[in-house]
$ cat model27.tsv   # TSV, C-alpha atoms and all ligand atoms
chain	number	residue	atom	x	y	z
A	1078	MET	CA	0.00	0.00	0.00
A	1079	ASP	CA	1.70	3.18	-1.13
A	1080	LYS	CA	0.94	6.78	-0.15
A	1081	LYS	CA	-0.83	7.56	-3.40
A	1082	GLU	CA	-3.17	4.63	-2.91
A	1083	LEU	CA	-3.99	5.81	0.63
A	1084	ILE	CA	-4.69	9.31	-0.71
A	1085	ARG	CA	-6.92	7.84	-3.44
A	1086	ARG	CA	-8.93	6.01	-0.77
A	1087	ALA	CA	-9.28	9.22	1.27
A	1088	LEU	CA	-10.45	11.12	-1.83
A	1089	LYS	CA	-13.01	8.40	-2.53
A	1090	ALA	CA	-14.30	8.49	1.06
A	1091	LYS	CA	-14.56	12.29	0.92
A	1092	LYS	CA	-17.30	11.89	-1.69
A	1093	ASN	CA	-19.51	10.33	1.00
A	1094	ALA	CA	-19.11	13.23	3.43
A	1095	TYR	CA	-22.51	14.02	4.94
A	1096	VAL	CA	-22.18	17.75	5.50
A	1097	PRO	CA	-25.56	19.50	5.19
A	1098	TYR	CA	-24.57	22.18	7.75
A	1099	SER	CA	-20.96	23.16	7.01
A	1100	GLY	CA	-20.73	22.05	3.40
A	1101	PHE	CA	-17.09	21.15	4.23
A	1102	HIS	CA	-16.13	17.71	2.93
A	1103	VAL	CA	-13.35	15.64	4.49
A	1104	GLY	CA	-12.10	12.12	3.76
A	1105	ALA	CA	-9.50	10.03	5.55
A	1106	ALA	CA	-7.89	6.65	5.02
A	1107	ILE	CA	-5.72	4.76	7.47
A	1108	LEU	CA	-3.22	1.99	6.98
A	1109	THR	CA	-3.15	-0.44	9.89
A	1110	GLU	CA	-0.13	-2.37	11.11
A	1111	ASP	CA	-1.49	-5.50	9.41
A	1112	ASN	CA	-1.74	-3.57	6.13
A	1113	GLU	CA	-5.51	-3.18	6.05
A	1114	VAL	CA	-7.00	0.09	4.84
A	1115	TYR	CA	-10.03	1.71	6.43
A	1116	ASP	CA	-11.50	4.95	5.19
A	1117	GLY	CA	-14.12	7.36	6.44
A	1118	CYS	CA	-15.81	10.71	5.93
A	1119	ASN	CA	-17.15	13.39	8.22
A	1120	ILE	CA	-20.76	13.03	9.29
A	1121	GLU	CA	-22.72	16.01	10.62
A	1122	ILE	CA	-25.76	15.89	12.87
A	1123	ALA	CA	-28.47	18.56	13.16
A	1124	SER	CA	-27.79	19.09	16.87
A	1125	TYR	CA	-24.12	19.65	15.85
A	1126	SER	CA	-22.17	18.18	18.79
A	1127	PRO	CA	-22.53	14.51	17.73
A	1128	THR	CA	-20.76	15.40	14.47
A	1129	ILE	CA	-17.74	13.20	13.78
A	1130	CYS	CA	-14.65	14.00	11.75
A	1131	ALA	CA	-13.46	11.83	8.86
A	1132	GLU	CA	-10.31	10.77	10.70
A	1133	ARG	CA	-12.24	9.43	13.66
A	1134	THR	CA	-14.76	7.65	11.44
A	1135	ALA	CA	-11.89	5.80	9.72
A	1136	ILE	CA	-10.04	4.98	12.95
A	1137	PHE	CA	-13.15	3.84	14.81
A	1138	LYS	CA	-14.13	1.60	11.92
A	1139	ALA	CA	-10.70	-0.07	12.10
A	1140	VAL	CA	-10.67	-0.39	15.88
A	1141	SER	CA	-14.15	-1.86	15.95
A	1142	GLU	CA	-12.93	-4.50	13.49
A	1143	GLY	CA	-10.00	-5.35	15.77
A	1144	HIS	CA	-7.24	-3.34	14.03
A	1145	LEU	CA	-5.70	-1.26	16.80
A	1146	LYS	CA	-2.44	0.03	15.29
A	1147	VAL	CA	-2.35	2.90	12.78
A	1148	LYS	CA	0.82	3.16	10.67
A	1149	ALA	CA	-0.32	6.00	8.41
A	1150	ILE	CA	-3.30	8.23	7.79
A	1151	ALA	CA	-4.12	10.31	4.72
A	1152	ILE	CA	-6.46	13.28	5.08
A	1153	VAL	CA	-8.13	15.30	2.32
A	1154	GLY	CA	-10.58	18.14	2.73
A	1155	ASP	CA	-12.06	21.16	1.05
A	1156	ALA	CA	-9.37	23.48	2.46
A	1157	ASN	CA	-6.01	23.80	0.73
A	1158	HIS	CA	-4.29	21.15	2.87
A	1159	THR	CA	-6.79	20.18	5.57
A	1160	TYR	CA	-5.04	19.43	8.85
A	1161	PRO	CA	-6.60	17.25	11.54
A	1162	CYS	CA	-8.40	19.00	14.40
A	1163	GLY	CA	-7.03	18.72	17.93
A	1164	VAL	CA	-9.46	16.01	18.96
A	1165	CYS	CA	-8.50	13.86	15.98
A	1166	ARG	CA	-4.79	14.37	16.68
A	1167	GLN	CA	-5.38	12.91	20.14
A	1168	VAL	CA	-7.33	9.97	18.69
A	1169	ILE	CA	-4.53	9.29	16.17
A	1170	ARG	CA	-2.12	9.43	19.12
A	1171	GLU	CA	-4.07	6.70	20.93
A	1172	PHE	CA	-3.71	4.20	18.08
A	1173	GLY	CA	-0.71	5.53	16.17
A	1174	LYS	CA	1.95	7.15	18.33
A	1175	ASP	CA	4.47	6.77	15.48
A	1176	ALA	CA	2.00	7.25	12.64
A	1177	THR	CA	2.79	9.13	9.46
A	1178	VAL	CA	0.19	11.81	8.76
A	1179	ILE	CA	-0.30	12.67	5.10
A	1180	ILE	CA	-2.08	15.95	4.42
A	1181	ALA	CA	-3.09	15.84	0.79
A	1182	ASN	CA	-4.73	17.93	-1.86
A	1183	SER	CA	-4.18	15.25	-4.48
A	1184	GLU	CA	-2.01	12.22	-5.17
A	1185	GLU	CA	0.72	14.58	-6.39
A	1186	ASP	CA	0.34	17.38	-3.87
A	1187	TYR	CA	0.80	16.24	-0.29
A	1188	ARG	CA	2.77	16.95	2.87
A	1189	GLU	CA	4.00	14.36	5.31
A	1190	TYR	CA	4.47	14.60	9.09
A	1191	ASP	CA	5.14	12.40	12.05
A	1192	LEU	CA	2.24	12.54	14.48
A	1193	ASP	CA	4.69	13.82	17.08
A	1194	GLU	CA	5.23	16.99	15.01
A	1195	LEU	CA	1.50	17.71	15.00
A	1196	LEU	CA	0.97	16.79	18.65
A	1197	PRO	CA	4.22	17.34	20.53
A	1198	HIS	CA	4.64	16.42	24.21
A	1199	SER	CA	1.49	14.37	23.96
A	1200	PHE	CA	-0.34	12.47	26.65
A	1201	GLY	CA	-1.15	8.84	25.90
A	1202	PRO	CA	-1.91	5.36	27.19
A	1203	GLU	CA	1.67	4.81	28.43
A	1204	ASP	CA	1.36	7.75	30.81
A	1205	LEU	CA	-1.56	6.16	32.60
A	1206	LYS	CA	0.29	2.84	32.85
A	1207	SER	CA	3.42	4.45	34.26
A	1208	ALA	CA	1.63	6.40	36.95
A	1209	ASP	CA	2.81	5.43	40.44
A	1210	LYS	CA	-0.24	3.76	41.91
A	1211	GLU	CA	1.23	3.69	45.43
A	1212	GLU	CA	1.75	7.42	45.49
A	1213	LYS	CA	-1.83	7.91	44.43
A	1214	ASN	CA	-2.88	5.67	47.32
A	1215	VAL	CA	-4.84	3.17	45.23
A	1301	LIG	N1	-13.63	18.05	10.03
A	1301	LIG	C1	-13.06	16.82	9.80
A	1301	LIG	O1	-13.75	15.90	9.32
A	1301	LIG	N2	-11.76	16.65	10.11
A	1301	LIG	C2	-10.96	17.60	10.64
A	1301	LIG	O2	-9.87	17.30	11.09
A	1301	LIG	C3	-11.41	18.99	10.63
A	1301	LIG	C4	-12.89	19.16	10.60
A	1301	LIG	C5	-15.05	18.25	9.71
A	1301	LIG	C6	-15.95	18.39	10.89
A	1301	LIG	C7	-17.11	19.14	10.28
A	1301	LIG	O3	-17.99	18.21	9.69
A	1301	LIG	C8	-16.48	19.97	9.17
A	1301	LIG	O4	-15.21	19.40	8.93
A	1301	LIG	C9	-16.32	21.43	9.50
A	1301	LIG	O5	-15.67	21.60	10.70
$ encode --input "model27.tsv" --output "structure tokens"
Amino acid sequence: MDKKELIRRALKAKKNAYVPYSGFHVGAAILTEDNEVYDGCNIEIASYSPTICAERTAIFKAVSEGHLKVKAIAIVGDANHTYPCGVCRQVIREFGKDATVIIANSEEDYREYDLDELLPHSFGPEDLKSADKEEKNV
């Protein structure tokens, strides 16, 4: 699975964006550690807050199918290079601490980052595990 293929899948998913309120379409595709691809789009809800971003749709689809490790994620949106929101950065962090994040306009026009560049000094599952339980008196 190459980067261009992941971007193609994100572009395809973007077509399904359900965005009656913002009109802003986003698609995402993730590559899991076992080389499966899951894609997703943003889905908006009339009461707004249940709205979900494309990145989280794709990741939650993978996790609910038992694929818990994200190696790479491609994101495409209506903005010129659509970057993931803060909430999605944290969700990527949960399942892909070392993930490559591809911010694409097209198969030819994309930028690549390590998740750590987009969410430096992050908090994650390891921090909870390393907490000193005795000190916390539990
Ligand atoms: N959106 C995403 O799908 N991903 C992002 O990272 C940024 C924002 C969606 C949410 C909402 O449906 C629309 O874009 C406008 O915010």
$ atom_distance --input "model27.tsv" --atom1 "CA of Pro1127 (chain A)" --atom2 "CA of Pro1097 (chain A)"
13.8 Å
$ closest_atom_pairs --input "model27.tsv" --of "chain A" --to "ligand LIG 1301 (chain A)" --cutoff "9 Å" --atoms "only C-alpha atoms and all ligand atoms" --output "CSV"
residue,atom,partner,partner_atom,distance
A:Ala1094,CA,A:LIG1301,O3,8.1
A:Tyr1095,CA,A:LIG1301,O3,7.8
A:Val1096,CA,A:LIG1301,O3,5.9
A:Pro1097,CA,A:LIG1301,O3,8.9
A:Tyr1098,CA,A:LIG1301,O3,7.9
A:Ser1099,CA,A:LIG1301,C9,5.5
A:Gly1100,CA,A:LIG1301,C8,7.5
A:Phe1101,CA,A:LIG1301,C8,5.1
A:His1102,CA,A:LIG1301,O4,6.3
A:Val1103,CA,A:LIG1301,O1,4.9
A:Gly1104,CA,A:LIG1301,O1,6.9
A:Ala1105,CA,A:LIG1301,O1,8.2
A:Cys1118,CA,A:LIG1301,O1,6.5
A:Asn1119,CA,A:LIG1301,O1,4.4
A:Ile1120,CA,A:LIG1301,O3,5.9
A:Glu1121,CA,A:LIG1301,O3,5.3
A:Ile1122,CA,A:LIG1301,O3,8.7
A:Tyr1125,CA,A:LIG1301,O3,8.8
A:Thr1128,CA,A:LIG1301,O3,6.2
A:Ile1129,CA,A:LIG1301,C6,6.2
A:Cys1130,CA,A:LIG1301,O1,3.2
A:Ala1131,CA,A:LIG1301,O1,4.1
A:Glu1132,CA,A:LIG1301,N2,6.1
A:Arg1133,CA,A:LIG1301,O1,7.9
A:Thr1134,CA,A:LIG1301,O1,8.6
A:Ile1152,CA,A:LIG1301,O2,8.0
A:Val1153,CA,A:LIG1301,N2,8.7
A:Gly1154,CA,A:LIG1301,C1,7.6
A:Asp1155,CA,A:LIG1301,O4,8.7
A:Thr1159,CA,A:LIG1301,O2,6.9
A:Tyr1160,CA,A:LIG1301,O2,5.7
A:Pro1161,CA,A:LIG1301,O2,3.3
A:Cys1162,CA,A:LIG1301,O2,4.0
A:Gly1163,CA,A:LIG1301,O2,7.5
A:Val1164,CA,A:LIG1301,O2,8.0
A:Cys1165,CA,A:LIG1301,O2,6.1
A:Arg1166,CA,A:LIG1301,O2,8.1
$ closest_residue --input "model27.tsv" --among "A:Ser1126, A:Ser1183, A:Thr1109, A:Ser1207" --to "Lys1146 (chain A)" --atoms "all atoms listed in the file"
A:Thr1109
$ axis_aligned_box --input "model27.tsv" --around "region 1161-1175 of chain A" --padding-each-side "3 Å" --output "AutoDock Vina command-line options"
--center_x -2.5 --center_y 11.6 --center_z 16.2 --size_x 19.9 --size_y 20.8 --size_z 15.4
$ residues_around --input "model27.tsv" --residues "Tyr1187 (chain A)" --least-positions-apart "5" --cutoff "12 Å" --atoms "all atoms listed in the file" --output "PDB file with C-alpha atoms, keeping the file's coordinate frame"
ATOM      1  CA  LYS A1080       0.940   6.780  -0.150  1.00  0.00           C
ATOM      2  CA  LYS A1081      -0.830   7.560  -3.400  1.00  0.00           C
ATOM      3  CA  LEU A1083      -3.990   5.810   0.630  1.00  0.00           C
ATOM      4  CA  ILE A1084      -4.690   9.310  -0.710  1.00  0.00           C
ATOM      5  CA  ARG A1085      -6.920   7.840  -3.440  1.00  0.00           C
ATOM      6  CA  ALA A1151      -4.120  10.310   4.720  1.00  0.00           C
ATOM      7  CA  ILE A1152      -6.460  13.280   5.080  1.00  0.00           C
ATOM      8  CA  VAL A1153      -8.130  15.300   2.320  1.00  0.00           C
ATOM      9  CA  GLY A1154     -10.580  18.140   2.730  1.00  0.00           C
ATOM     10  CA  ASN A1157      -6.010  23.800   0.730  1.00  0.00           C
ATOM     11  CA  HIS A1158      -4.290  21.150   2.870  1.00  0.00           C
ATOM     12  CA  THR A1159      -6.790  20.180   5.570  1.00  0.00           C
ATOM     13  CA  TYR A1160      -5.040  19.430   8.850  1.00  0.00           C
ATOM     14  CA  VAL A1178       0.190  11.810   8.760  1.00  0.00           C
ATOM     15  CA  ILE A1179      -0.300  12.670   5.100  1.00  0.00           C
ATOM     16  CA  ILE A1180      -2.080  15.950   4.420  1.00  0.00           C
ATOM     17  CA  ALA A1181      -3.090  15.840   0.790  1.00  0.00           C
ATOM     18  CA  ASN A1182      -4.730  17.930  -1.860  1.00  0.00           C
TER      19      ASN A1182
END
$ closest_residue --input "model27.tsv" --among "A:Asp1193, A:Glu1184, A:Glu1082, A:Ser1141" --to "Val1114 (chain A)" --atoms "all atoms listed in the file"
A:Glu1082
$ build_atoms --input "model27.tsv" --residues "region 1158-1169 of chain A" --atoms "all heavy atoms" --output "PDB file, in the coordinates of the input"
ATOM      1  N   HIS A1158      -4.920  21.915   1.800  1.00  0.00           N
ATOM      2  CA  HIS A1158      -4.290  21.150   2.870  1.00  0.00           C
ATOM      3  C   HIS A1158      -5.127  21.246   4.159  1.00  0.00           C
ATOM      4  O   HIS A1158      -5.047  22.226   4.893  1.00  0.00           O
ATOM      5  CB  HIS A1158      -2.845  21.580   3.121  1.00  0.00           C
ATOM      6  CG  HIS A1158      -1.954  21.277   1.956  1.00  0.00           C
ATOM      7  ND1 HIS A1158      -1.489  22.249   1.114  1.00  0.00           N
ATOM      8  CD2 HIS A1158      -1.487  20.110   1.486  1.00  0.00           C
ATOM      9  CE1 HIS A1158      -0.744  21.682   0.170  1.00  0.00           C
ATOM     10  NE2 HIS A1158      -0.735  20.389   0.355  1.00  0.00           N
ATOM     11  N   THR A1159      -5.913  20.234   4.380  1.00  0.00           N
ATOM     12  CA  THR A1159      -6.790  20.180   5.570  1.00  0.00           C
ATOM     13  C   THR A1159      -6.081  19.386   6.656  1.00  0.00           C
ATOM     14  O   THR A1159      -5.839  18.182   6.502  1.00  0.00           O
ATOM     15  CB  THR A1159      -8.133  19.507   5.210  1.00  0.00           C
ATOM     16  OG1 THR A1159      -8.762  20.261   4.166  1.00  0.00           O
ATOM     17  CG2 THR A1159      -9.057  19.447   6.416  1.00  0.00           C
ATOM     18  N   TYR A1160      -5.740  20.076   7.738  1.00  0.00           N
ATOM     19  CA  TYR A1160      -5.040  19.430   8.850  1.00  0.00           C
ATOM     20  C   TYR A1160      -6.047  18.873   9.853  1.00  0.00           C
ATOM     21  O   TYR A1160      -7.145  19.415   9.994  1.00  0.00           O
ATOM     22  CB  TYR A1160      -4.121  20.458   9.550  1.00  0.00           C
ATOM     23  CG  TYR A1160      -2.857  20.727   8.754  1.00  0.00           C
ATOM     24  CD1 TYR A1160      -2.878  21.564   7.651  1.00  0.00           C
ATOM     25  CD2 TYR A1160      -1.665  20.106   9.104  1.00  0.00           C
ATOM     26  CE1 TYR A1160      -1.726  21.794   6.906  1.00  0.00           C
ATOM     27  CE2 TYR A1160      -0.506  20.325   8.371  1.00  0.00           C
ATOM     28  CZ  TYR A1160      -0.544  21.168   7.272  1.00  0.00           C
ATOM     29  OH  TYR A1160       0.601  21.378   6.538  1.00  0.00           O
ATOM     30  N   PRO A1161      -5.670  17.832  10.576  1.00  0.00           N
ATOM     31  CA  PRO A1161      -6.600  17.250  11.540  1.00  0.00           C
ATOM     32  C   PRO A1161      -6.847  18.170  12.730  1.00  0.00           C
ATOM     33  O   PRO A1161      -5.930  18.859  13.192  1.00  0.00           O
ATOM     34  CB  PRO A1161      -5.905  15.957  11.987  1.00  0.00           C
ATOM     35  CG  PRO A1161      -4.464  16.171  11.707  1.00  0.00           C
ATOM     36  CD  PRO A1161      -4.386  17.089  10.528  1.00  0.00           C
ATOM     37  N   CYS A1162      -8.067  18.188  13.223  1.00  0.00           N
ATOM     38  CA  CYS A1162      -8.400  19.000  14.400  1.00  0.00           C
ATOM     39  C   CYS A1162      -7.691  18.420  15.625  1.00  0.00           C
ATOM     40  O   CYS A1162      -7.153  17.297  15.591  1.00  0.00           O
ATOM     41  CB  CYS A1162      -9.908  19.051  14.597  1.00  0.00           C
ATOM     42  SG  CYS A1162     -10.601  17.550  15.321  1.00  0.00           S
ATOM     43  N   GLY A1163      -7.725  19.154  16.709  1.00  0.00           N
ATOM     44  CA  GLY A1163      -7.030  18.720  17.930  1.00  0.00           C
ATOM     45  C   GLY A1163      -7.560  17.414  18.483  1.00  0.00           C
ATOM     46  O   GLY A1163      -6.785  16.562  18.941  1.00  0.00           O
ATOM     47  N   VAL A1164      -8.865  17.251  18.433  1.00  0.00           N
ATOM     48  CA  VAL A1164      -9.460  16.010  18.960  1.00  0.00           C
ATOM     49  C   VAL A1164      -8.966  14.822  18.147  1.00  0.00           C
ATOM     50  O   VAL A1164      -8.581  13.787  18.704  1.00  0.00           O
ATOM     51  CB  VAL A1164     -11.010  16.109  18.938  1.00  0.00           C
ATOM     52  CG1 VAL A1164     -11.641  14.761  19.232  1.00  0.00           C
ATOM     53  CG2 VAL A1164     -11.495  17.161  19.926  1.00  0.00           C
ATOM     54  N   CYS A1165      -8.954  14.969  16.843  1.00  0.00           N
ATOM     55  CA  CYS A1165      -8.500  13.860  15.980  1.00  0.00           C
ATOM     56  C   CYS A1165      -7.015  13.575  16.174  1.00  0.00           C
ATOM     57  O   CYS A1165      -6.587  12.416  16.110  1.00  0.00           O
ATOM     58  CB  CYS A1165      -8.820  14.146  14.517  1.00  0.00           C
ATOM     59  SG  CYS A1165     -10.589  14.001  14.171  1.00  0.00           S
ATOM     60  N   ARG A1166      -6.222  14.610  16.417  1.00  0.00           N
ATOM     61  CA  ARG A1166      -4.790  14.370  16.680  1.00  0.00           C
ATOM     62  C   ARG A1166      -4.637  13.479  17.911  1.00  0.00           C
ATOM     63  O   ARG A1166      -3.811  12.573  17.956  1.00  0.00           O
ATOM     64  CB  ARG A1166      -4.050  15.712  16.898  1.00  0.00           C
ATOM     65  CG  ARG A1166      -3.949  16.506  15.617  1.00  0.00           C
ATOM     66  CD  ARG A1166      -3.288  17.858  15.788  1.00  0.00           C
ATOM     67  NE  ARG A1166      -3.612  18.679  14.629  1.00  0.00           N
ATOM     68  CZ  ARG A1166      -2.844  19.619  14.118  1.00  0.00           C
ATOM     69  NH1 ARG A1166      -1.679  19.899  14.661  1.00  0.00           N
ATOM     70  NH2 ARG A1166      -3.236  20.304  13.063  1.00  0.00           N
ATOM     71  N   GLN A1167      -5.450  13.729  18.923  1.00  0.00           N
ATOM     72  CA  GLN A1167      -5.380  12.910  20.140  1.00  0.00           C
ATOM     73  C   GLN A1167      -5.837  11.482  19.866  1.00  0.00           C
ATOM     74  O   GLN A1167      -5.272  10.528  20.415  1.00  0.00           O
ATOM     75  CB  GLN A1167      -6.232  13.548  21.253  1.00  0.00           C
ATOM     76  CG  GLN A1167      -6.066  12.890  22.613  1.00  0.00           C
ATOM     77  CD  GLN A1167      -4.678  13.110  23.220  1.00  0.00           C
ATOM     78  OE1 GLN A1167      -4.134  14.205  23.162  1.00  0.00           O
ATOM     79  NE2 GLN A1167      -4.097  12.067  23.795  1.00  0.00           N
ATOM     80  N   VAL A1168      -6.838  11.323  19.018  1.00  0.00           N
ATOM     81  CA  VAL A1168      -7.330   9.970  18.690  1.00  0.00           C
ATOM     82  C   VAL A1168      -6.274   9.228  17.859  1.00  0.00           C
ATOM     83  O   VAL A1168      -6.014   8.047  18.087  1.00  0.00           O
ATOM     84  CB  VAL A1168      -8.689  10.033  17.962  1.00  0.00           C
ATOM     85  CG1 VAL A1168      -9.103   8.658  17.454  1.00  0.00           C
ATOM     86  CG2 VAL A1168      -9.758  10.591  18.890  1.00  0.00           C
ATOM     87  N   ILE A1169      -5.627   9.928  16.933  1.00  0.00           N
ATOM     88  CA  ILE A1169      -4.530   9.290  16.170  1.00  0.00           C
ATOM     89  C   ILE A1169      -3.442   8.860  17.140  1.00  0.00           C
ATOM     90  O   ILE A1169      -2.880   7.770  17.052  1.00  0.00           O
ATOM     91  CB  ILE A1169      -3.966  10.252  15.086  1.00  0.00           C
ATOM     92  CG1 ILE A1169      -5.047  10.633  14.066  1.00  0.00           C
ATOM     93  CG2 ILE A1169      -2.773   9.591  14.375  1.00  0.00           C
ATOM     94  CD1 ILE A1169      -4.663  11.812  13.155  1.00  0.00           C
TER      95      ILE A1169
END
